[in-house]
>>> print(open('protein-v6.tsv').read())   # TSV, C-alpha atoms and all ligand atoms
chain	number	residue	atom	x	y	z
A	1	MET	CA	4.21	22.04	80.97
A	2	VAL	CA	3.87	18.74	79.25
A	3	ALA	CA	0.46	17.21	79.60
A	4	GLY	CA	0.09	13.49	79.99
A	5	GLN	CA	3.59	13.20	81.31
A	6	SER	CA	4.19	9.88	82.94
A	7	ARG	CA	6.97	8.07	84.65
A	8	ARG	CA	7.01	4.41	85.34
A	9	LYS	CA	9.33	1.54	85.84
A	10	PHE	CA	9.17	-2.17	85.42
A	11	LEU	CA	11.55	-4.67	86.88
A	12	GLY	CA	11.60	-8.37	86.41
A	13	SER	CA	13.03	-11.36	88.08
A	14	VAL	CA	14.05	-14.71	86.71
A	15	GLY	CA	11.36	-16.37	88.78
A	16	ALA	CA	7.97	-14.98	87.87
A	17	ALA	CA	6.42	-16.46	91.01
A	18	ALA	CA	8.59	-14.21	93.12
A	19	LEU	CA	7.07	-11.17	91.49
A	20	THR	CA	4.86	-8.92	93.51
A	21	THR	CA	3.77	-5.76	91.90
A	22	CYS	CA	3.16	-2.57	93.75
A	23	LEU	CA	1.65	0.52	92.34
A	24	THR	CA	2.45	3.94	93.63
A	25	GLY	CA	2.07	7.47	92.41
A	26	GLY	CA	-0.62	9.88	91.40
A	27	THR	CA	-2.39	10.25	88.14
A	28	HIS	CA	-1.24	13.75	87.19
A	29	ALA	CA	2.24	12.59	86.41
A	30	GLY	CA	0.89	9.07	86.02
A	31	ALA	CA	3.80	7.96	88.15
A	32	ARG	CA	3.67	4.26	88.60
A	33	VAL	CA	6.52	2.13	89.73
A	34	PHE	CA	6.36	-1.58	89.20
A	35	GLU	CA	8.78	-3.26	91.50
A	36	ASN	CA	9.75	-6.74	92.35
A	37	GLY	CA	9.03	-7.40	95.97
A	38	ALA	CA	11.59	-10.18	96.27
A	39	GLN	CA	14.68	-8.59	94.84
A	40	LYS	CA	17.82	-10.65	94.98
A	41	ALA	CA	21.10	-9.21	93.84
A	42	GLY	CA	21.83	-10.39	90.34
A	43	ALA	CA	18.45	-12.03	89.93
A	44	LEU	CA	16.75	-8.93	88.68
A	45	ARG	CA	16.69	-8.10	85.04
A	46	PRO	CA	14.26	-5.52	83.84
A	47	PHE	CA	12.66	-6.19	80.49
A	48	GLY	CA	9.56	-5.10	78.75
A	49	PHE	CA	8.32	-2.73	76.22
A	50	VAL	CA	6.21	0.31	75.53
A	51	ILE	CA	4.17	1.11	72.43
A	52	HIS	CA	2.20	4.03	71.03
A	53	GLY	CA	-0.50	4.32	68.43
A	54	GLY	CA	-0.23	8.04	67.84
A	55	ALA	CA	-1.00	11.27	69.68
A	56	GLY	CA	-3.62	13.85	68.79
A	57	THR	CA	-7.10	15.02	69.57
A	58	VAL	CA	-8.55	11.96	71.25
A	59	GLU	CA	-11.50	12.93	73.38
A	60	ARG	CA	-13.68	10.66	75.44
A	61	SER	CA	-16.79	12.54	74.36
A	62	ARG	CA	-16.09	11.71	70.71
A	63	MET	CA	-15.16	8.08	71.23
A	64	THR	CA	-17.74	5.29	71.04
A	65	PRO	CA	-17.32	2.35	73.45
A	66	GLU	CA	-16.94	0.00	70.47
A	67	ARG	CA	-14.18	2.06	68.93
A	68	GLU	CA	-12.35	2.47	72.20
A	69	LYS	CA	-12.53	-1.27	72.76
A	70	ALA	CA	-11.16	-1.94	69.29
A	71	TYR	CA	-8.15	0.31	70.00
A	72	ARG	CA	-7.57	-1.19	73.42
A	73	ASP	CA	-7.81	-4.73	72.08
A	74	LYS	CA	-5.36	-4.11	69.25
A	75	LEU	CA	-2.84	-2.36	71.50
A	76	THR	CA	-3.13	-5.23	73.98
A	77	GLU	CA	-2.58	-7.76	71.21
A	78	ALA	CA	0.55	-5.88	70.10
A	79	LEU	CA	1.87	-5.77	73.68
A	80	LEU	CA	1.33	-9.49	74.14
A	81	ALA	CA	2.97	-10.27	70.80
A	82	GLY	CA	6.09	-8.38	71.82
A	83	PHE	CA	6.01	-9.86	75.30
A	84	GLY	CA	5.88	-13.36	73.83
A	85	VAL	CA	9.14	-12.64	72.02
A	86	LEU	CA	10.83	-11.24	75.13
A	87	GLU	CA	9.62	-13.92	77.45
A	88	LYS	CA	11.35	-16.54	75.33
A	89	GLY	CA	14.57	-14.55	75.53
A	90	GLY	CA	14.06	-12.98	72.09
A	91	ALA	CA	15.81	-9.85	70.94
A	92	SER	CA	14.53	-6.35	71.44
A	93	LEU	CA	14.18	-5.64	67.72
A	94	ASP	CA	12.19	-8.84	67.16
A	95	ALA	CA	9.67	-7.66	69.75
A	96	VAL	CA	9.54	-4.19	68.18
A	97	VAL	CA	8.93	-5.63	64.72
A	98	SER	CA	6.31	-8.13	65.89
A	99	ALA	CA	4.27	-5.41	67.61
A	100	ILE	CA	4.61	-2.88	64.81
A	101	THR	CA	3.69	-5.28	61.97
A	102	LEU	CA	0.54	-6.15	63.88
A	103	LEU	CA	-0.38	-2.47	64.18
A	104	GLU	CA	0.53	-1.83	60.54
A	105	ASP	CA	-1.92	-4.56	59.50
A	106	SER	CA	-4.75	-2.91	61.43
A	107	PRO	CA	-6.84	-0.23	59.69
A	108	LEU	CA	-7.20	1.52	63.07
A	109	PHE	CA	-3.72	3.05	62.92
A	110	ASN	CA	-2.08	5.45	60.51
A	111	ALA	CA	0.56	2.98	59.41
A	112	GLY	CA	0.44	0.20	56.83
A	113	LYS	CA	-3.20	-0.68	56.12
A	114	GLY	CA	-4.70	2.41	57.82
A	115	ALA	CA	-2.31	4.97	56.31
A	116	VAL	CA	-3.65	8.46	55.65
A	117	PHE	CA	-3.84	9.97	52.16
A	118	THR	CA	-1.60	12.57	50.58
A	119	SER	CA	-3.07	15.62	48.85
A	120	ALA	CA	-2.72	13.66	45.61
A	121	GLY	CA	-4.93	10.86	46.96
A	122	THR	CA	-2.04	8.40	47.30
A	123	ASN	CA	-0.62	6.65	50.40
A	124	GLU	CA	3.07	7.17	51.11
A	125	LEU	CA	4.52	5.26	54.01
A	126	ASP	CA	7.57	5.94	56.18
A	127	SER	CA	9.28	3.84	58.84
A	128	SER	CA	12.50	3.43	60.78
A	129	ILE	CA	14.18	1.15	63.27
A	130	MET	CA	17.27	1.40	65.46
A	131	ASP	CA	19.36	-1.06	67.44
A	132	GLY	CA	20.58	0.39	70.74
A	133	ARG	CA	23.43	-2.09	71.04
A	134	THR	CA	25.18	-1.35	67.75
A	135	LEU	CA	23.64	2.04	66.88
A	136	LYS	CA	22.77	0.52	63.52
A	137	ALA	CA	19.66	1.95	61.95
A	138	GLY	CA	17.41	1.49	58.93
A	139	ALA	CA	14.79	3.77	57.44
A	140	VAL	CA	12.44	3.92	54.47
A	141	ALA	CA	10.29	6.75	53.15
A	142	GLY	CA	7.72	7.41	50.45
A	143	LEU	CA	6.74	3.75	50.00
A	144	LYS	CA	3.59	3.05	48.00
A	145	ARG	CA	3.57	-0.73	47.73
A	146	VAL	CA	5.31	-2.23	50.75
A	147	LYS	CA	2.77	-3.91	53.03
A	148	ASN	CA	4.89	-3.67	56.19
A	149	PRO	CA	7.37	-0.80	56.02
A	150	ILE	CA	8.98	-1.73	59.36
A	151	LEU	CA	10.18	-5.01	57.81
A	152	LEU	CA	11.87	-3.14	54.99
A	153	ALA	CA	13.44	-0.63	57.41
A	154	ARG	CA	14.98	-3.55	59.26
A	155	LEU	CA	16.31	-5.06	56.03
A	156	VAL	CA	17.87	-1.74	55.05
A	157	MET	CA	19.65	-1.84	58.41
A	158	GLU	CA	20.70	-5.49	58.24
A	159	GLN	CA	21.07	-6.25	54.54
A	160	SER	CA	22.34	-3.04	52.99
A	161	PRO	CA	25.27	-0.74	53.69
A	162	HIS	CA	22.81	2.18	53.96
A	163	VAL	CA	20.64	3.75	56.62
A	164	MET	CA	17.86	5.23	54.51
A	165	MET	CA	16.19	4.35	51.21
A	166	THR	CA	13.26	6.08	49.56
A	167	GLY	CA	10.53	5.62	46.98
A	168	GLU	CA	11.04	3.37	43.97
A	169	GLY	CA	14.61	2.48	44.90
A	170	ALA	CA	13.45	1.24	48.29
A	171	GLU	CA	10.71	-0.78	46.62
A	172	THR	CA	13.16	-2.36	44.20
A	173	PHE	CA	15.24	-3.35	47.20
A	174	ALA	CA	12.06	-4.72	48.83
A	175	ALA	CA	11.42	-6.90	45.78
A	176	GLN	CA	15.01	-8.16	45.86
A	177	MET	CA	14.64	-9.01	49.54
A	178	GLY	CA	11.34	-10.84	49.01
A	179	VAL	CA	9.36	-8.36	51.10
A	180	GLU	CA	5.63	-8.48	50.40
A	181	LEU	CA	4.51	-5.86	47.90
A	182	VAL	CA	0.85	-5.02	47.47
A	183	ASP	CA	-1.29	-3.11	45.01
A	184	PRO	CA	-1.49	0.50	46.26
A	185	LYS	CA	-5.27	-0.04	46.55
A	186	TYR	CA	-4.55	-2.24	49.57
A	187	PHE	CA	-3.94	0.94	51.58
A	188	HIS	CA	-7.29	2.50	50.65
A	189	THR	CA	-9.63	2.68	53.64
A	190	GLU	CA	-12.88	4.57	53.43
A	191	GLU	CA	-12.39	6.35	56.74
A	192	ARG	CA	-9.02	7.82	55.75
A	193	TRP	CA	-10.40	8.73	52.33
A	194	GLN	CA	-13.27	10.63	53.92
A	195	GLN	CA	-10.80	12.45	56.19
A	196	LEU	CA	-8.98	13.67	53.12
A	197	GLN	CA	-12.25	14.79	51.50
A	198	ARG	CA	-13.23	16.75	54.63
A	199	ILE	CA	-9.86	18.48	54.71
A	200	LYS	CA	-10.07	19.30	51.01
A	201	GLU	CA	-13.54	20.75	51.56
A	202	ALA	CA	-12.28	22.84	54.50
A	203	GLU	CA	-9.47	24.14	52.32
A	204	LYS	CA	-12.03	25.59	49.92
A	205	ASN	CA	-13.47	27.68	52.74
A	206	PRO	CA	-10.36	28.72	54.67
A	207	PRO	CA	-10.77	30.74	57.83
A	208	PRO	CA	-10.25	34.43	57.15
A	209	LYS	CA	-7.19	36.40	58.23
A	210	LYS	CA	-4.75	33.57	57.79
A	211	SER	CA	-1.72	33.66	55.60
A	212	LYS	CA	-1.45	31.17	52.74
A	213	LEU	CA	1.12	29.19	54.74
A	214	GLU	CA	-1.07	29.12	57.84
A	215	ARG	CA	-4.03	27.95	55.77
A	216	GLU	CA	-1.95	25.15	54.31
A	217	ALA	CA	-0.73	24.07	57.73
A	218	ALA	CA	-4.16	24.21	59.38
A	219	PRO	CA	-5.47	20.94	57.97
A	220	PHE	CA	-2.59	19.15	59.67
A	221	ASP	CA	-4.24	19.96	62.98
A	222	GLU	CA	-6.95	17.45	62.20
A	223	HIS	CA	-6.86	13.69	61.85
A	224	LYS	CA	-3.19	13.24	62.23
A	225	PHE	CA	-2.95	10.65	64.95
A	226	GLY	CA	-2.35	7.00	64.43
A	227	THR	CA	1.38	6.65	63.82
A	228	VAL	CA	2.69	3.58	65.62
A	229	GLY	CA	5.91	3.00	67.52
A	230	ALA	CA	7.58	0.67	69.98
A	231	VAL	CA	10.56	0.83	72.33
A	232	CYS	CA	11.90	-2.30	73.94
A	233	LEU	CA	14.37	-3.57	76.51
A	234	ASP	CA	15.18	-7.26	76.19
A	235	ARG	CA	16.54	-9.70	78.75
A	236	ALA	CA	20.06	-9.24	77.45
A	237	GLY	CA	19.77	-5.54	78.31
A	238	ASN	CA	19.53	-4.34	74.70
A	239	LEU	CA	17.30	-1.48	73.68
A	240	GLY	CA	15.54	-1.08	70.34
A	241	ALA	CA	13.10	1.39	68.82
A	242	GLY	CA	10.86	1.49	65.76
A	243	THR	CA	8.26	3.80	64.23
A	244	SER	CA	5.89	3.47	61.27
A	245	THR	CA	3.45	5.94	59.72
A	246	GLY	CA	1.44	7.09	56.76
A	247	GLY	CA	2.42	10.65	57.69
A	248	MET	CA	-0.19	13.38	57.82
A	249	THR	CA	-3.48	13.61	55.94
A	250	ASN	CA	-3.21	15.90	52.92
A	251	LYS	CA	0.57	16.06	53.13
A	252	ARG	CA	2.10	17.16	49.90
A	253	PHE	CA	3.31	14.63	47.45
A	254	GLY	CA	6.83	13.59	48.50
A	255	ARG	CA	6.66	15.10	51.98
A	256	VAL	CA	8.60	13.13	54.59
A	257	GLY	CA	7.99	13.56	58.33
A	258	ASP	CA	10.04	12.70	61.39
A	259	SER	CA	9.11	9.03	61.67
A	260	PRO	CA	11.77	7.70	59.27
A	261	ILE	CA	14.37	10.25	60.38
A	262	ILE	CA	16.87	8.71	62.80
A	263	GLY	CA	17.32	11.20	65.62
A	264	ALA	CA	13.98	12.94	64.99
A	265	GLY	CA	11.27	10.25	65.19
A	266	THR	CA	13.32	7.25	66.32
A	267	TYR	CA	16.51	6.65	68.29
A	268	ALA	CA	18.00	3.92	70.49
A	269	ASP	CA	21.24	3.79	72.41
A	270	ASN	CA	21.95	1.17	75.07
A	271	GLY	CA	23.83	3.77	77.10
A	272	THR	CA	20.74	5.92	77.47
A	273	CYS	CA	17.31	4.99	76.14
A	274	ALA	CA	15.12	4.07	73.18
A	275	VAL	CA	12.65	6.61	71.78
A	276	SER	CA	9.76	6.65	69.30
A	277	CYS	CA	7.85	9.87	68.55
A	278	THR	CA	4.51	10.87	67.10
A	279	GLY	CA	3.08	14.24	66.22
A	280	ASP	CA	3.70	17.19	63.90
A	281	GLY	CA	6.69	15.77	62.06
A	282	GLU	CA	8.08	19.09	60.89
A	283	TYR	CA	8.51	20.25	64.50
A	284	PHE	CA	9.96	16.94	65.61
A	285	ILE	CA	12.54	17.12	62.84
A	286	ARG	CA	13.45	20.72	63.65
A	287	SER	CA	14.10	19.89	67.28
A	288	ALA	CA	15.65	16.44	66.69
A	289	VAL	CA	13.45	15.13	69.47
A	290	ALA	CA	14.45	11.46	69.71
A	291	HIS	CA	18.15	12.17	69.79
A	292	ASN	CA	17.56	15.09	72.12
A	293	VAL	CA	16.10	12.75	74.72
A	294	THR	CA	19.16	10.50	74.62
A	295	ALA	CA	21.57	13.47	74.56
A	296	MET	CA	20.05	14.97	77.68
A	297	MET	CA	20.58	11.68	79.45
A	298	ARG	CA	24.10	11.14	78.10
A	299	TYR	CA	25.51	14.64	78.45
A	300	GLY	CA	23.16	16.21	80.96
A	301	GLY	CA	22.84	13.30	83.38
A	302	LYS	CA	19.08	13.65	83.36
A	303	SER	CA	16.63	10.80	83.89
A	304	VAL	CA	14.57	9.40	81.04
A	305	GLU	CA	11.46	11.09	82.45
A	306	GLN	CA	13.11	14.51	82.68
A	307	SER	CA	14.70	14.18	79.24
A	308	ALA	CA	11.50	13.05	77.54
A	309	ALA	CA	9.52	15.89	79.08
A	310	ALA	CA	12.14	18.52	78.25
A	311	ALA	CA	12.47	17.35	74.63
A	312	LEU	CA	8.73	17.49	74.13
A	313	GLU	CA	8.54	20.88	75.79
A	314	ARG	CA	10.86	22.26	73.11
A	315	VAL	CA	8.48	20.97	70.44
A	316	GLY	CA	5.59	22.67	72.23
A	317	LYS	CA	7.47	25.97	72.39
A	318	LEU	CA	7.96	25.88	68.62
A	319	GLY	CA	4.21	25.34	68.23
A	320	GLY	CA	4.23	21.59	67.59
A	321	THR	CA	2.04	18.95	69.16
A	322	GLY	CA	2.50	15.25	69.75
A	323	GLY	CA	4.10	12.84	72.15
A	324	LEU	CA	6.76	10.21	72.56
A	325	ILE	CA	7.63	7.02	74.37
A	326	ALA	CA	11.08	6.54	75.91
A	327	LEU	CA	12.50	3.57	77.81
A	328	ASP	CA	15.88	3.36	79.50
A	329	GLY	CA	18.14	0.38	80.14
A	330	ARG	CA	16.83	-0.05	83.68
A	331	GLY	CA	13.20	-0.33	82.73
A	332	ASN	CA	12.23	3.26	83.52
A	333	PHE	CA	9.96	4.74	80.93
A	334	ALA	CA	8.02	7.89	80.11
A	335	THR	CA	5.09	8.54	77.77
A	336	PRO	CA	4.63	12.34	77.68
A	337	PHE	CA	2.31	14.06	75.19
A	338	ASN	CA	0.95	17.59	74.80
A	339	THR	CA	-2.22	16.62	72.96
A	340	SER	CA	-5.51	15.55	74.50
A	341	GLY	CA	-4.61	11.91	74.10
A	342	MET	CA	-2.07	9.37	72.97
A	343	TYR	CA	-2.79	5.69	72.34
A	344	ARG	CA	-0.18	3.90	74.39
A	345	GLY	CA	0.59	0.74	76.31
A	346	TRP	CA	3.31	-0.98	78.26
A	347	ILE	CA	4.11	-4.43	79.52
A	348	GLY	CA	6.72	-5.65	81.98
A	349	PRO	CA	7.97	-9.00	83.23
A	350	ASP	CA	4.66	-9.80	84.92
A	351	GLY	CA	3.15	-10.04	81.43
A	352	ARG	CA	0.20	-7.81	82.30
A	353	PRO	CA	-0.59	-5.44	79.46
A	354	HIS	CA	-1.53	-1.85	80.35
A	355	VAL	CA	-3.25	0.39	77.83
A	356	ALA	CA	-4.12	4.09	78.12
A	357	ILE	CA	-5.60	6.63	75.74
A	358	TYR	CA	-6.47	9.86	77.53
A	359	LYS	CA	-4.55	12.04	79.96
A	360	ASP	CA	-5.92	10.32	83.03
A	401	LIG	N1	4.96	12.17	62.96
A	401	LIG	C1	4.17	11.75	61.83
A	401	LIG	C2	4.59	12.56	60.64
A	401	LIG	O1	4.79	13.73	60.78
A	401	LIG	C3	2.71	11.87	62.05
A	401	LIG	C4	2.21	11.43	63.39
A	401	LIG	O2	2.96	10.93	64.20
A	401	LIG	O3	1.01	11.58	63.66
A	401	LIG	O4	4.65	12.03	59.56
>>> encode(input="protein-v6.tsv", output="structure tokens")
Amino acid sequence: MVAGQSRRKFLGSVGAAALTTCLTGGTHAGARVFENGAQKAGALRPFGFVIHGGAGTVERSRMTPEREKAYRDKLTEALLAGFGVLEKGGASLDAVVSAITLLEDSPLFNAGKGAVFTSAGTNELDSSIMDGRTLKAGAVAGLKRVKNPILLARLVMEQSPHVMMTGEGAETFAAQMGVELVDPKYFHTEERWQQLQRIKEAEKNPPPKKSKLEREAAPFDEHKFGTVGAVCLDRAGNLGAGTSTGGMTNKRFGRVGDSPIIGAGTYADNGTCAVSCTGDGEYFIRSAVAHNVTAMMRYGGKSVEQSAAAALERVGKLGGTGGLIALDGRGNFATPFNTSGMYRGWIGPDGRPHVAIYKD
């Protein structure tokens, strides 16, 4: 069973005044269908986008009103930024990049400025992007100086013959492309640093009866949320997806998770859907989650909701936790997660941003 499973749809019309929104469905599945009350054949064109800010242990009891407001405000700002692009007829990937750069610049999320620390006390950033129309993709991993990794992922896709670049080579390419490089200290935030210290302290007093491997994996259960992602459907009917992360606190030097892996953390295909994942990267890589969602739609004829839920269920069966956002070419989308919460939001043609954090 996938907790937090949700199924929704947004549809738009060329004339915003004709839009009436109706809300149906219960909260368990979170089923909400946004429909245009004045549908005219040919006039309807769904567009919109869905974002996430990471899945993990997010409990109401441990959240202060100020902190919750800060998350909601930033997610709303990102939704409106992307919507602004779409409303003007902009391309899917432009909306994805505008929302993700905003979230990367916020210390609230584990991407860009708020990236978590590796076991060596460094910040190593990963990101990827994919164009559903062309199936072109770009990815970067192990960056230490690139302010906005999603921008570099896009340049790898558009300005190089490659799909993935890592570490120093990727940063040399960034310099050649004029992408902003920062001193690694830019990524230092006190909160993330303290998270690393707490995990290091816990490592010194490991719970008994656990194997060395289990003890090493245990710290990943804490403080891992905050990865950001966006999936978008533009007015031309093109899908796009992007993901950006600092990875997992205390990850080993050089470790790469699912976020920059096309097919694991990110995938987009106009014929099916666009996907961005968050969670225990190792499990998402092993079950090729993002591509799995699209494959179930393409070869299994399943809906985006069914495919997203089934792909996440496989992760859960392996022992992994997390969530994903998936949006199809008709404006149907799903935001399932098997953790206590996932920062997420969506916006359709009515321009009203919706943000959610917990299961209900
Ligand atoms: N999936 C990311 C990683 O494994 C972490 C996360 O989404 O929380 O690097």
>>> atom_distance(input="protein-v6.tsv", atom1="atom CA of A:Asp73", atom2="atom CA of A:Ala334")
21.8 Å
>>> residues_near_ligand(input="protein-v6.tsv", ligand="ligand LIG 401 (chain A)", cutoff="8 Å", atoms="all atoms listed in the file", output="ChimeraX atom specification")
/A:54-56,110,126,224-228,245-248,256-259,265,277-282,284,322
>>> residues_around(input="protein-v6.tsv", residues="A:Leu318", least_positions_apart="6", cutoff="10 Å", atoms="only C-alpha atoms", output="list of chain:residue names")
A:Tyr283, A:Phe284, A:Arg286, A:Ser287
>>> axis_aligned_box(input="protein-v6.tsv", around="stretch 292-304 of chain A", padding_each_side="5 Å", output="lines of an AutoDock Vina configuration file")
center_x = 20.0
center_y = 12.8
center_z = 78.0
size_x = 20.9
size_y = 16.8
size_z = 21.8
>>> residues_near_point(input="protein-v6.tsv", point="(-3.1, -1.6, 46.8)", cutoff="10 Å", atoms="all atoms listed in the file", output="VMD selection string")
chain A and resid 113 123 144 to 147 181 to 188
>>> closest_residue(input="protein-v6.tsv", among="A:Ala111, A:Cys232, A:Ala308, A:Val116", to="A:Pro46", atoms="only C-alpha atoms")
A:Cys232
>>> residues_around(input="protein-v6.tsv", residues="A:Arg133", least_positions_apart="3", cutoff="7 Å", atoms="only C-alpha atoms", output="ChimeraX atom specification")
/A:238-239,269-270
>>> write_last_selection(input="protein-v6.tsv", atoms="C-alpha atoms", output="PDB file, in the coordinates of the input")
ATOM      1  CA  ASN A 238      19.530  -4.340  74.700  1.00  0.00           C
ATOM      2  CA  LEU A 239      17.300  -1.480  73.680  1.00  0.00           C
ATOM      3  CA  ASP A 269      21.240   3.790  72.410  1.00  0.00           C
ATOM      4  CA  ASN A 270      21.950   1.170  75.070  1.00  0.00           C
TER       5      ASN A 270
END
>>> closest_residue(input="protein-v6.tsv", among="A:Pro149, A:Ala91, A:Ala70, A:Glu124", to="A:Asp105", atoms="all atoms listed in the file")
A:Pro149
>>> atom_distance(input="protein-v6.tsv", atom1="atom CA of A:Arg252", atom2="atom CA of A:Arg154")
26.1 Å
>>> closest_atom_pairs(input="protein-v6.tsv", of="stretch 109-204 of chain A", to="stretch 290-298 of chain A", cutoff="12 Å", atoms="all atoms listed in the file", output="tab-separated table")
residue	atom	partner	partner_atom	distance
A:Met130	CA	A:Ala290	CA	11.3
A:Gly132	CA	A:Thr294	CA	10.9
A:Leu135	CA	A:His291	CA	11.9
>>> write_last_selection(input="protein-v6.tsv", atoms="C-alpha atoms", output="mmCIF file, in the coordinates of the input")
data_model
loop_
_atom_site.group_PDB
_atom_site.id
_atom_site.type_symbol
_atom_site.label_atom_id
_atom_site.label_comp_id
_atom_site.auth_asym_id
_atom_site.auth_seq_id
_atom_site.Cartn_x
_atom_site.Cartn_y
_atom_site.Cartn_z
ATOM 1 C CA MET A 130 17.270 1.400 65.460
ATOM 2 C CA GLY A 132 20.580 0.390 70.740
ATOM 3 C CA LEU A 135 23.640 2.040 66.880
#
>>> atom_distance(input="protein-v6.tsv", atom1="atom CA of A:Val355", atom2="atom CA of A:Leu80")
11.5 Å
>>> residues_near_point(input="protein-v6.tsv", point="(-1.9, 13.6, 51.8)", cutoff="12 Å", atoms="only C-alpha atoms", output="PyMOL selection string")
chain A and resi 110+115-125+142+192-197+199-200+216+219-220+223-224+246-257
>>> closest_residue(input="protein-v6.tsv", among="A:Arg314, A:His354, A:His162, A:Arg60", to="A:Leu75", atoms="only C-alpha atoms")
A:His354
>>> closest_residue(input="protein-v6.tsv", among="A:Ile347, A:Ala139, A:Ala309, A:Ala274", to="A:Asp328", atoms="all atoms listed in the file")
A:Ala274
>>> closest_residue(input="protein-v6.tsv", among="A:Ser127, A:Thr335, A:Thr57, A:Ser303", to="A:Val275", atoms="only C-alpha atoms")
A:Thr335
>>> closest_residue(input="protein-v6.tsv", among="A:Gly240, A:Gly348, A:Gly301, A:Pro107", to="A:Asp131", atoms="all atoms listed in the file")
A:Gly240
>>> residues_around(input="protein-v6.tsv", residues="A:Val289", least_positions_apart="6", cutoff="8 Å", atoms="only C-alpha atoms", output="ChimeraX atom specification")
/A:263-265,277,311-312,315
>>> write_last_selection(input="protein-v6.tsv", atoms="C-alpha atoms", output="PDB file, in the frame of the given file")
ATOM      1  CA  GLY A 263      17.320  11.200  65.620  1.00  0.00           C
ATOM      2  CA  ALA A 264      13.980  12.940  64.990  1.00  0.00           C
ATOM      3  CA  GLY A 265      11.270  10.250  65.190  1.00  0.00           C
ATOM      4  CA  CYS A 277       7.850   9.870  68.550  1.00  0.00           C
ATOM      5  CA  ALA A 311      12.470  17.350  74.630  1.00  0.00           C
ATOM      6  CA  LEU A 312       8.730  17.490  74.130  1.00  0.00           C
ATOM      7  CA  VAL A 315       8.480  20.970  70.440  1.00  0.00           C
TER       8      VAL A 315
END
